[in-house]
$ cat input.txt   # compact mmCIF, C-alpha atoms and all ligand atoms
# COMPACT_ATOMS: atom_id res chain seq x y z
CA MET A 274 -9.53 6.73 23.29
CA THR A 275 -6.77 7.51 25.80
CA ALA A 276 -5.72 11.00 26.81
CA ARG A 277 -2.19 10.32 25.57
CA TYR A 278 -3.48 9.39 22.10
CA GLN A 279 -5.71 12.50 22.00
CA VAL A 280 -2.76 14.73 22.89
CA ALA A 281 -0.60 12.96 20.31
CA ARG A 282 -3.19 13.49 17.56
CA ALA A 283 -3.59 17.17 18.37
CA ALA A 284 0.17 17.74 18.49
CA GLY A 285 0.62 15.86 15.20
CA ALA A 286 -2.00 18.00 13.49
CA THR A 287 -0.32 21.17 14.82
CA ALA A 288 3.12 20.05 13.63
CA ALA A 289 1.77 19.13 10.18
CA GLY A 290 0.01 22.51 9.94
CA LEU A 291 3.17 24.43 10.91
CA SER A 292 5.17 22.43 8.39
CA ARG A 293 2.65 23.29 5.65
CA LEU A 294 2.72 26.97 6.66
CA ALA A 295 6.52 26.90 6.41
CA GLY A 296 6.13 25.62 2.84
CA ARG A 297 7.74 22.28 3.63
CA GLY A 298 5.37 19.94 1.84
CA THR A 299 2.17 18.38 3.17
CA GLY A 300 3.54 17.90 6.70
CA THR A 301 2.34 14.28 6.69
CA GLN A 302 5.68 12.81 7.71
CA ILE A 303 6.47 15.29 10.48
CA GLY A 304 2.90 15.10 11.83
CA GLY A 305 3.08 11.31 11.99
CA ARG A 306 6.46 11.39 13.70
CA VAL A 307 5.19 13.77 16.37
CA ILE A 308 2.18 11.51 16.99
CA LEU A 309 4.33 8.38 17.32
CA ALA A 310 6.85 10.17 19.56
CA ILE A 311 4.12 11.08 22.04
CA ASP A 312 2.16 7.84 21.75
CA PRO A 313 4.16 4.89 20.31
CA THR A 314 0.93 2.87 20.14
CA ALA A 315 -0.81 5.51 17.98
CA MET A 316 -0.67 3.45 14.76
CA ALA A 317 -2.44 0.55 16.44
CA ARG A 318 -4.98 2.86 18.09
CA ALA A 319 -5.71 4.70 14.84
CA ALA A 320 -6.22 1.35 13.09
CA GLY A 321 -8.58 0.08 15.77
CA GLY A 322 -12.05 -0.89 14.57
CA ARG A 323 -11.12 -0.77 10.89
CA GLU A 324 -10.69 -3.46 8.28
CA LEU A 325 -7.40 -2.81 6.51
CA ALA A 326 -5.54 -4.15 3.51
CA LEU A 327 -1.77 -3.67 3.33
CA VAL A 328 0.10 -3.59 0.02
CA SER A 329 3.85 -4.18 -0.11
CA GLY A 330 6.53 -5.07 -2.66
CA THR A 331 9.44 -3.46 -4.48
CA ASN A 332 7.41 -2.16 -7.43
CA GLY A 333 3.75 -1.26 -7.95
CA LYS A 334 2.80 -0.39 -4.37
CA THR A 335 1.27 2.97 -5.15
CA THR A 336 -0.49 1.80 -8.31
CA THR A 337 -1.91 -1.34 -6.69
CA ARG A 338 -3.01 0.61 -3.62
CA THR A 339 -4.81 3.07 -5.91
CA LEU A 340 -6.47 0.24 -7.88
CA LEU A 341 -7.61 -1.46 -4.67
CA VAL A 342 -8.97 1.80 -3.23
CA ALA A 343 -11.02 2.27 -6.42
CA ALA A 344 -12.43 -1.26 -6.11
CA LEU A 345 -13.32 -0.91 -2.42
CA GLU A 346 -14.81 2.56 -2.85
CA THR A 347 -17.57 0.87 -4.84
CA VAL A 348 -18.65 -0.37 -1.38
CA GLU A 349 -17.90 2.50 1.02
CA PRO A 350 -15.32 5.25 1.74
CA VAL A 351 -11.70 4.13 2.18
CA VAL A 352 -8.84 5.70 4.13
CA SER A 353 -5.46 5.45 2.41
CA ASN A 354 -1.92 6.86 2.45
CA ALA A 355 -1.12 8.89 -0.66
CA GLY A 356 2.04 10.68 -1.70
CA GLY A 357 4.54 7.92 -0.97
CA ALA A 358 4.11 8.25 2.82
CA ASN A 359 4.56 4.51 3.36
CA LEU A 360 6.65 4.47 6.56
CA PRO A 361 5.02 4.09 10.01
CA ALA A 362 4.83 7.87 10.49
CA GLY A 363 3.01 8.34 7.20
CA LEU A 364 0.62 5.47 7.90
CA THR A 365 -0.14 6.86 11.35
CA ALA A 366 -0.77 10.32 9.93
CA ALA A 367 -3.13 8.97 7.27
CA LEU A 368 -5.11 6.91 9.77
CA THR A 369 -5.42 9.70 12.35
CA ALA A 370 -6.49 12.23 9.69
CA ASP A 371 -9.53 10.13 8.73
CA THR A 372 -11.54 9.01 11.74
CA THR A 373 -14.67 7.90 9.89
CA SER A 374 -13.72 5.40 7.14
CA ARG A 375 -14.11 1.81 8.28
CA LEU A 376 -12.12 0.36 5.36
CA GLY A 377 -8.53 1.22 4.61
CA VAL A 378 -5.77 0.41 2.12
CA LEU A 379 -2.19 1.19 3.13
CA GLU A 380 0.97 0.76 1.06
CA VAL A 381 3.86 -0.24 3.30
CA ASP A 382 7.60 0.05 2.72
CA GLU A 383 8.91 -3.53 2.53
CA PRO A 384 11.13 -3.71 5.66
CA PHE A 385 8.36 -2.19 7.82
CA LEU A 386 5.72 -4.76 6.91
CA PRO A 387 6.22 -6.88 10.08
CA ARG A 388 5.88 -3.87 12.39
CA VAL A 389 2.77 -2.65 10.58
CA VAL A 390 1.15 -6.12 10.47
CA GLU A 391 1.63 -6.40 14.21
CA ALA A 392 0.29 -2.91 14.91
CA VAL A 393 -2.77 -2.73 12.65
CA GLU A 394 -3.79 -6.42 12.43
CA PRO A 395 -4.84 -6.20 8.77
CA ARG A 396 -7.54 -8.36 7.24
CA VAL A 397 -5.60 -8.77 3.97
CA VAL A 398 -1.92 -8.42 3.02
CA VAL A 399 -1.08 -8.09 -0.69
CA LEU A 400 2.48 -9.11 -1.65
CA LEU A 401 3.54 -7.95 -5.12
CA ASN A 402 7.21 -8.73 -5.84
CA LEU A 403 10.74 -8.40 -4.44
CA SER A 404 13.80 -7.26 -6.36
CA ARG A 405 16.92 -5.21 -5.77
CA ASP A 406 16.26 -1.58 -4.87
CA GLN A 407 18.30 1.26 -3.34
CA LEU A 408 21.58 -0.62 -3.05
CA ASP A 409 22.91 1.62 -0.30
CA ARG A 410 19.83 1.36 1.90
CA TYR A 411 18.31 -2.10 1.89
CA ALA A 412 19.83 -5.46 2.50
CA GLU A 413 19.62 -8.04 -0.22
CA VAL A 414 16.14 -9.11 -1.21
CA ARG A 415 16.51 -12.63 0.20
CA ARG A 416 16.69 -11.06 3.65
CA LEU A 417 13.54 -9.02 3.01
CA ALA A 418 11.73 -12.21 1.98
CA GLY A 419 12.89 -13.76 5.26
CA ILE A 420 11.55 -10.81 7.25
CA TRP A 421 8.17 -11.21 5.55
CA HIS A 422 8.21 -14.97 6.06
CA ASP A 423 8.78 -14.54 9.80
CA ALA A 424 6.08 -11.85 10.07
CA LEU A 425 3.46 -14.09 8.44
CA THR A 426 4.33 -17.16 10.49
CA GLY A 427 2.01 -17.76 13.41
CA PRO A 428 -1.67 -17.74 14.23
CA HIS A 429 -2.71 -14.71 12.16
CA ALA A 430 -6.30 -14.44 11.05
CA LEU A 431 -5.18 -12.43 8.04
CA ALA A 432 -5.44 -13.52 4.41
CA VAL A 433 -2.47 -13.10 2.09
CA VAL A 434 -2.89 -12.29 -1.61
CA ALA A 435 0.42 -13.10 -3.25
CA ASN A 436 2.10 -13.16 -6.65
CA ALA A 437 2.60 -16.84 -7.58
CA ASP A 438 5.17 -15.92 -10.25
CA ASP A 439 7.76 -14.44 -7.86
CA PRO A 440 9.67 -17.18 -5.97
CA LEU A 441 10.71 -14.82 -3.16
CA VAL A 442 7.10 -13.75 -2.62
CA VAL A 443 5.88 -17.35 -2.76
CA TRP A 444 8.35 -18.47 -0.10
CA ALA A 445 7.45 -15.52 2.16
CA ALA A 446 3.70 -15.98 1.68
CA SER A 447 3.83 -19.74 2.18
CA ALA A 448 4.36 -19.06 5.90
CA ALA A 449 0.75 -17.83 6.10
CA LYS A 450 -2.21 -20.14 6.63
CA ASN A 451 -4.59 -18.50 4.19
CA VAL A 452 -3.07 -17.55 0.83
CA VAL A 453 -4.76 -16.61 -2.45
CA TRP A 454 -2.29 -17.04 -5.32
CA VAL A 455 -2.40 -14.67 -8.29
CA ALA A 456 -0.35 -15.26 -11.44
CA ALA A 457 0.57 -11.59 -11.69
CA GLY A 458 3.78 -12.14 -13.68
CA GLN A 459 7.46 -11.43 -13.15
CA GLY A 460 9.28 -9.46 -15.82
CA TRP A 461 12.59 -9.41 -13.94
CA THR A 462 13.95 -12.75 -12.77
CA PHE A 463 17.58 -11.87 -12.04
CA ASP A 464 17.03 -11.46 -8.30
CA SER A 465 15.44 -14.88 -7.92
CA THR A 466 17.86 -17.31 -9.52
CA SER A 467 18.37 -19.33 -6.34
CA CYS A 468 15.78 -20.82 -4.00
CA PRO A 469 14.92 -18.49 -1.09
CA ALA A 470 14.23 -21.52 1.11
CA CYS A 471 17.31 -23.70 0.54
CA GLY A 472 19.68 -21.73 -1.71
CA ASP A 473 19.75 -24.29 -4.48
CA ILE A 474 19.34 -23.32 -8.13
CA LEU A 475 15.83 -22.54 -9.37
CA THR A 476 14.93 -24.30 -12.60
CA ARG A 477 12.75 -22.21 -14.91
CA ASP A 478 10.18 -23.98 -17.02
CA GLY A 479 8.63 -22.01 -19.85
CA ARG A 480 7.46 -18.47 -19.29
CA ARG A 481 6.30 -18.82 -15.71
CA GLY A 482 7.06 -22.19 -14.18
CA TRP A 483 9.88 -22.52 -11.65
CA ARG A 484 11.03 -25.13 -9.17
CA SER A 485 13.78 -25.54 -6.57
CA ASN A 486 15.99 -28.57 -7.23
CA GLY A 487 16.95 -28.67 -3.56
CA CYS A 488 13.70 -28.54 -1.58
CA GLY A 489 10.98 -28.79 -4.20
CA LEU A 490 9.55 -25.31 -3.57
CA THR A 491 7.61 -24.65 -6.75
CA ARG A 492 5.19 -22.21 -8.32
CA PRO A 493 1.82 -22.76 -6.67
CA THR A 494 -1.25 -23.35 -8.80
CA PRO A 495 -2.74 -19.87 -9.13
CA ASP A 496 -6.28 -19.14 -7.94
CA TRP A 497 -6.39 -16.11 -10.25
CA SER A 498 -4.64 -16.35 -13.61
CA VAL A 499 -3.63 -13.60 -16.03
CA THR A 500 -3.11 -14.12 -19.76
CA ASP A 501 -2.33 -10.92 -21.65
CA ARG A 502 -5.29 -8.71 -20.71
CA THR A 503 -7.61 -11.48 -19.57
CA VAL A 504 -7.96 -12.23 -15.87
CA THR A 505 -9.64 -15.48 -14.79
CA ALA A 506 -11.14 -15.56 -11.30
CA PRO A 507 -11.24 -18.65 -9.04
CA ASP A 508 -14.80 -19.50 -10.17
CA GLY A 509 -13.62 -19.68 -13.80
CA SER A 510 -15.20 -16.40 -14.89
CA SER A 511 -12.97 -14.32 -17.21
CA TYR A 512 -12.61 -10.57 -17.57
CA ASP A 513 -11.03 -8.45 -20.30
CA VAL A 514 -9.19 -5.83 -18.28
CA GLU A 515 -8.94 -2.55 -20.21
CA LEU A 516 -7.13 -0.13 -17.94
CA ALA A 517 -6.46 3.48 -18.88
CA ILE A 518 -2.99 3.11 -17.36
CA PRO A 519 -0.48 1.22 -19.52
CA GLY A 520 1.53 -1.95 -19.12
CA ALA A 521 1.03 -5.69 -18.80
CA VAL A 522 2.43 -5.37 -15.29
CA ASN A 523 -0.58 -3.29 -14.29
CA VAL A 524 -3.02 -5.98 -15.47
CA GLY A 525 -1.22 -8.21 -12.97
CA ASN A 526 -1.52 -5.50 -10.32
CA ALA A 527 -5.22 -5.16 -11.12
CA ALA A 528 -5.67 -8.92 -10.67
CA LEU A 529 -3.95 -8.73 -7.27
CA ALA A 530 -6.20 -5.81 -6.29
CA ALA A 531 -9.32 -7.65 -7.46
CA ALA A 532 -8.32 -10.73 -5.45
CA ALA A 533 -7.93 -8.51 -2.38
CA ALA A 534 -11.23 -6.69 -3.00
CA ALA A 535 -13.01 -10.06 -3.24
CA HIS A 536 -12.42 -10.42 0.53
CA TRP A 537 -14.92 -7.57 0.94
CA GLY A 538 -17.38 -9.10 -1.50
CA VAL A 539 -16.53 -6.85 -4.46
CA ALA A 540 -17.26 -8.76 -7.68
CA PRO A 541 -14.34 -8.80 -10.15
CA GLY A 542 -16.37 -7.13 -12.90
CA ALA A 543 -17.26 -4.19 -10.63
CA ALA A 544 -13.67 -4.00 -9.38
CA PHE A 545 -12.11 -3.88 -12.86
CA ALA A 546 -14.71 -1.33 -14.06
CA ALA A 547 -13.73 0.98 -11.19
CA MET A 548 -10.02 0.46 -11.84
CA ALA A 549 -10.45 1.21 -15.57
CA ARG A 550 -11.47 4.77 -14.74
CA ILE A 551 -8.09 5.68 -13.19
CA PRO A 552 -6.15 7.84 -15.70
CA SER A 553 -2.89 8.18 -13.74
CA VAL A 554 -1.44 7.46 -10.31
CA GLU A 555 0.25 10.38 -8.52
CA GLY A 556 1.76 11.52 -11.82
CA ARG A 557 2.69 8.03 -13.02
CA TYR A 558 1.45 7.34 -16.58
CA LEU A 559 0.21 10.94 -16.77
CA GLU A 560 -0.59 11.98 -20.34
CA THR A 561 0.11 15.68 -20.55
CA SER A 562 1.92 18.15 -22.77
CA PHE A 563 4.81 20.56 -22.69
CA ALA A 564 5.17 23.51 -25.08
CA GLY A 565 2.33 22.06 -27.16
CA ARG A 566 3.88 18.63 -27.47
CA PRO A 567 2.27 15.51 -25.94
CA LEU A 568 4.28 13.64 -23.37
CA ARG A 569 3.82 10.92 -20.82
CA LEU A 570 5.54 10.45 -17.45
CA LEU A 571 6.73 6.99 -16.41
CA LEU A 572 8.38 6.32 -13.05
CA ALA A 573 11.09 3.69 -12.62
CA LYS A 574 13.14 3.31 -9.46
CA ASN A 575 15.13 0.09 -9.82
CA PRO A 576 16.12 -2.41 -12.54
CA ALA A 577 12.84 -4.35 -12.42
CA GLY A 578 10.88 -1.10 -12.59
CA TRP A 579 12.96 0.15 -15.52
CA VAL A 580 12.31 -3.07 -17.44
CA GLU A 581 8.56 -2.53 -16.97
CA ALA A 582 8.72 1.18 -17.86
CA LEU A 583 10.78 0.53 -21.00
CA ALA A 584 8.22 -2.11 -22.04
CA MET A 585 5.36 0.38 -21.50
CA SER A 586 6.91 3.19 -23.52
CA ARG A 587 5.64 3.67 -27.07
CA PRO A 588 8.15 1.93 -29.34
CA ASP A 589 8.56 4.80 -31.82
CA ALA A 590 8.63 7.77 -29.41
CA PRO A 591 11.80 9.59 -28.36
CA VAL A 592 12.57 9.11 -24.70
CA VAL A 593 13.99 11.34 -21.97
CA VAL A 594 15.89 9.24 -19.41
CA SER A 595 16.31 11.24 -16.22
CA VAL A 596 18.15 9.96 -13.15
CA ASN A 597 19.03 11.53 -9.81
CA ALA A 598 20.94 9.88 -6.96
CA ARG A 599 19.66 11.67 -3.87
CA ALA A 600 18.89 9.89 -0.60
CA ALA A 601 15.31 9.11 -1.70
CA ASP A 602 16.61 7.58 -4.94
CA GLY A 603 19.48 5.64 -3.44
CA ARG A 604 22.91 7.27 -3.64
CA ASP A 605 24.43 4.52 -5.74
CA PRO A 606 23.33 4.65 -9.42
CA SER A 607 25.40 1.61 -10.48
CA TRP A 608 22.08 -0.19 -11.09
CA LEU A 609 22.02 1.68 -14.42
CA TRP A 610 24.25 -1.12 -15.69
CA ASP A 611 21.63 -3.74 -14.79
CA VAL A 612 18.94 -2.09 -16.94
CA PRO A 613 18.71 -3.33 -20.56
CA PHE A 614 18.77 0.13 -22.18
CA GLU A 615 19.78 -1.67 -25.40
CA VAL A 616 16.03 -1.94 -26.14
CA LEU A 617 16.12 1.80 -26.94
CA ARG A 618 18.39 1.27 -29.96
CA GLY A 619 16.92 2.96 -33.01
CA ARG A 620 15.12 5.58 -30.90
CA HIS A 621 16.38 9.02 -29.94
CA ALA A 622 17.14 9.51 -26.27
CA VAL A 623 17.94 12.49 -24.04
CA ALA A 624 20.07 11.79 -20.96
CA SER A 625 18.98 14.11 -18.17
CA GLY A 626 18.83 14.59 -14.41
CA GLU A 627 21.56 15.19 -11.86
CA ARG A 628 23.27 11.98 -12.99
CA SER A 629 22.90 12.69 -16.71
CA ARG A 630 26.58 11.85 -17.23
CA ASP A 631 26.09 8.33 -15.82
CA VAL A 632 22.99 7.91 -18.00
CA ALA A 633 24.86 9.14 -21.09
CA VAL A 634 27.74 6.69 -20.54
CA ARG A 635 25.28 3.85 -20.09
CA LEU A 636 23.37 4.83 -23.27
CA ARG A 637 26.65 5.06 -25.18
CA TYR A 638 27.58 1.50 -24.21
CA ALA A 639 24.03 0.39 -25.07
CA GLY A 640 24.44 1.83 -28.57
CA VAL A 641 21.57 4.32 -28.18
CA ASP A 642 21.66 7.60 -30.13
CA HIS A 643 21.43 10.36 -27.51
CA VAL A 644 22.23 13.88 -26.35
CA ARG A 645 22.86 14.99 -22.77
CA VAL A 646 20.76 17.88 -21.40
CA ASP A 647 20.69 18.49 -17.65
CA ASP A 648 17.81 20.96 -17.40
CA PRO A 649 14.44 19.14 -17.50
CA ALA A 650 12.59 21.68 -19.67
CA ASP A 651 15.51 21.87 -22.11
CA ALA A 652 15.67 18.07 -22.14
CA LEU A 653 12.03 17.94 -23.29
CA ARG A 654 12.77 20.47 -26.03
CA ALA A 655 15.79 18.43 -27.16
CA ALA A 656 13.77 15.30 -27.98
CA HIS A 657 13.74 14.71 -31.73
CA GLY A 658 10.63 15.10 -33.89
CA SER A 659 7.28 16.63 -32.97
CA GLY A 660 5.31 13.56 -31.81
CA PRO A 661 4.78 12.26 -28.28
CA VAL A 662 7.73 12.14 -25.88
CA GLU A 663 8.12 9.50 -23.18
CA VAL A 664 9.78 10.64 -19.94
CA LEU A 665 11.28 7.83 -17.88
CA ALA A 666 12.62 9.06 -14.56
CA ASN A 667 13.56 7.77 -11.15
CA TYR A 668 12.02 9.05 -7.94
CA THR A 669 13.19 12.63 -7.33
CA ALA A 670 13.84 13.22 -11.05
CA PHE A 671 10.22 12.20 -11.66
CA GLN A 672 8.99 14.77 -9.10
CA THR A 673 11.01 17.43 -10.94
CA PHE A 674 9.32 16.59 -14.24
CA ARG A 675 5.88 16.64 -12.58
CA ARG A 676 6.56 20.23 -11.53
CA VAL A 677 7.89 21.15 -14.98
CA VAL A 678 4.66 19.99 -16.65
CA GLY A 679 2.57 21.64 -13.92
CA ASP A 680 1.39 18.49 -12.10
CA GLY A 681 2.10 18.52 -8.38
ZN ZN B 701 14.69 -24.82 -2.27

$ encode --input "input.txt" --output "structure tokens"
Amino acid sequence: MTARYQVARAAGATAAGLSRLAGRGTGTQIGGRVILAIDPTAMARAAGGRELALVSGTNGKTTTRTLLVAALETVEPVVSNAGGANLPAGLTAALTADTTSRLGVLEVDEPFLPRVVEAVEPRVVVLLNLSRDQLDRYAEVRRLAGIWHDALTGPHALAVVANADDPLVVWAASAAKNVVWVAAGQGWTFDSTSCPACGDILTRDGRRGWRSNGCGLTRPTPDWSVTDRTVTAPDGSSYDVELAIPGAVNVGNAALAAAAAAHWGVAPGAAFAAMARIPSVEGRYLETSFAGRPLRLLLAKNPAGWVEALAMSRPDAPVVVSVNARAADGRDPSWLWDVPFEVLRGRHAVASGERSRDVAVRLRYAGVDHVRVDDPADALRAAHGSGPVEVLANYTAFQTFRRVVGDG
């Protein structure tokens, strides 16, 4: 360990502590930034001697990371980055805070994957999906796929676990030498209508098949397949995956996590049993109550995520739709028009959040019966009936509701 790295770690811990004392959150981000400012190689140093898995993709990073941590913790302790700290500073802070765990699982913000792969030399990289997200911040998803493709090209020893149902992910992952394909599903296909390799039209065949007319890029034969709640492993053994967290999408995420955990010798049955015990993920899917009424929190940050969250929500429950447009959410909420809110017809909705007016206009055009209530607690009280309420919210709106129900 170099003197510079030791100084950087100490300064980072001090900065994080001061930030906590000042009541400005956990201090993870500021601590990591201080460490990297003093020693730009700190992320690589902190990763040294460990076996790491990285998880990246537009949706499901935090959930899949949590599922994979649960699977690997059946073997030994695991270092990980919680709380959405998925930029280099957050990763560095997480790794420097835990000096003993040999295994680690890190979720990585999509554009930073190449930098993190180079710095930490992971054993496994899990690629979930790519779709439009934060219109004002990220380039189009085809460019992200290209960044991943370039990062995985070359003589890496790493193994890639990739979603065979997402053409952008398949093209990116196909640059790697060692790929395990998982048929994890793709509920949102509108960002992959043309071939990422040649630009020609993609022909869809049935529920999951796809092929490029131009270059022949096609869905690879999956090593792990998923049918409803049944996951079939490469050796042909099948598992009924009964997660406590909802959604078909999370069975796919569990399959991806199990395929990654298999690189450390974790048997699928043991992996899924550990995953089944997770009740919620940093507030996502949390079953709680407000003023005596049951409610559940669902997070959705972009059109693909909203499609999944709408599919998870109980079909007869009233729903609070809460949207903010702060920097962390993306300042441009025009994606609301890409989300098929029409599926809420026949249910009562409450438009809430700092952009409640945009939500209300969208719900009006979707033909959904709704009221507009800005205040989160009042929005919960405004939901019709006395049964369970589903809260669907984007990033900072979701954090507000967590505080309202006393979680986080
Ligand atoms: Zn093509």

$ residues_around --input "input.txt" --residues "range 529-540 of chain A" --least-positions-apart "6" --cutoff "8 Å" --atoms "only C-alpha atoms" --output "number ranges by chain"
A: 326, 337-338, 340-341, 344-345, 347-348, 397, 399, 401, 434-436, 453, 455, 457, 497

$ residues_near_ligand --input "input.txt" --ligand "ligand ZN 701 (chain B)" --cutoff "9 Å" --atoms "all atoms listed in the file" --output "list in words"
Ser467, Cys468, Pro469, Ala470, Cys471, Gly472, Asp473, Ile474, Leu475, Arg484, Ser485, Asn486, Gly487, Cys488, Gly489, Leu490 and Thr491 of chain A

$ residues_around --input "input.txt" --residues "Pro552 in chain A" --least-positions-apart "6" --cutoff "8 Å" --atoms "only C-alpha atoms" --output "number ranges by chain"
A: 517-518, 558-559

$ residues_near_point --input "input.txt" --point "(6.0, -5.6, 9.1)" --cutoff "10 Å" --atoms "only C-alpha atoms" --output "PyMOL selection string"
chain A and resi 327+329+361+381-393+420-421+423-425

$ residues_around --input "input.txt" --residues "Trp579 in chain A" --least-positions-apart "4" --cutoff "9 Å" --atoms "all atoms listed in the file" --output "list of chain:residue names"
A:Leu572, A:Ala573, A:Lys574, A:Asn575, A:Leu583, A:Ala584, A:Val612, A:Pro613, A:Phe614, A:Leu665, A:Ala666, A:Asn667

$ atom_distance --input "input.txt" --atom1 "CA of Trp454 in chain A" --atom2 "CA of Leu400 in chain A"
10.0 Å

$ atom_distance --input "input.txt" --atom1 "CA of Val646 in chain A" --atom2 "CA of Arg630 in chain A"
9.4 Å

$ residues_around --input "input.txt" --residues "Gly556 in chain A" --least-positions-apart "2" --cutoff "10 Å" --atoms "only C-alpha atoms" --output "PyMOL selection string"
chain A and resi 552-554+558-561+569-572+671-672+674-676+680-681

$ residues_near_point --input "input.txt" --point "(-15.9, 5.0, 3.4)" --cutoff "6 Å" --atoms "all atoms listed in the file" --output "list in words"
Glu349, Pro350, Val351 and Ser374 of chain A

$ residues_around --input "input.txt" --residues "Arg375 in chain A" --least-positions-apart "2" --cutoff "9 Å" --atoms "all atoms listed in the file" --output "number ranges by chain"
A: 322-325, 349-352, 372-373, 377
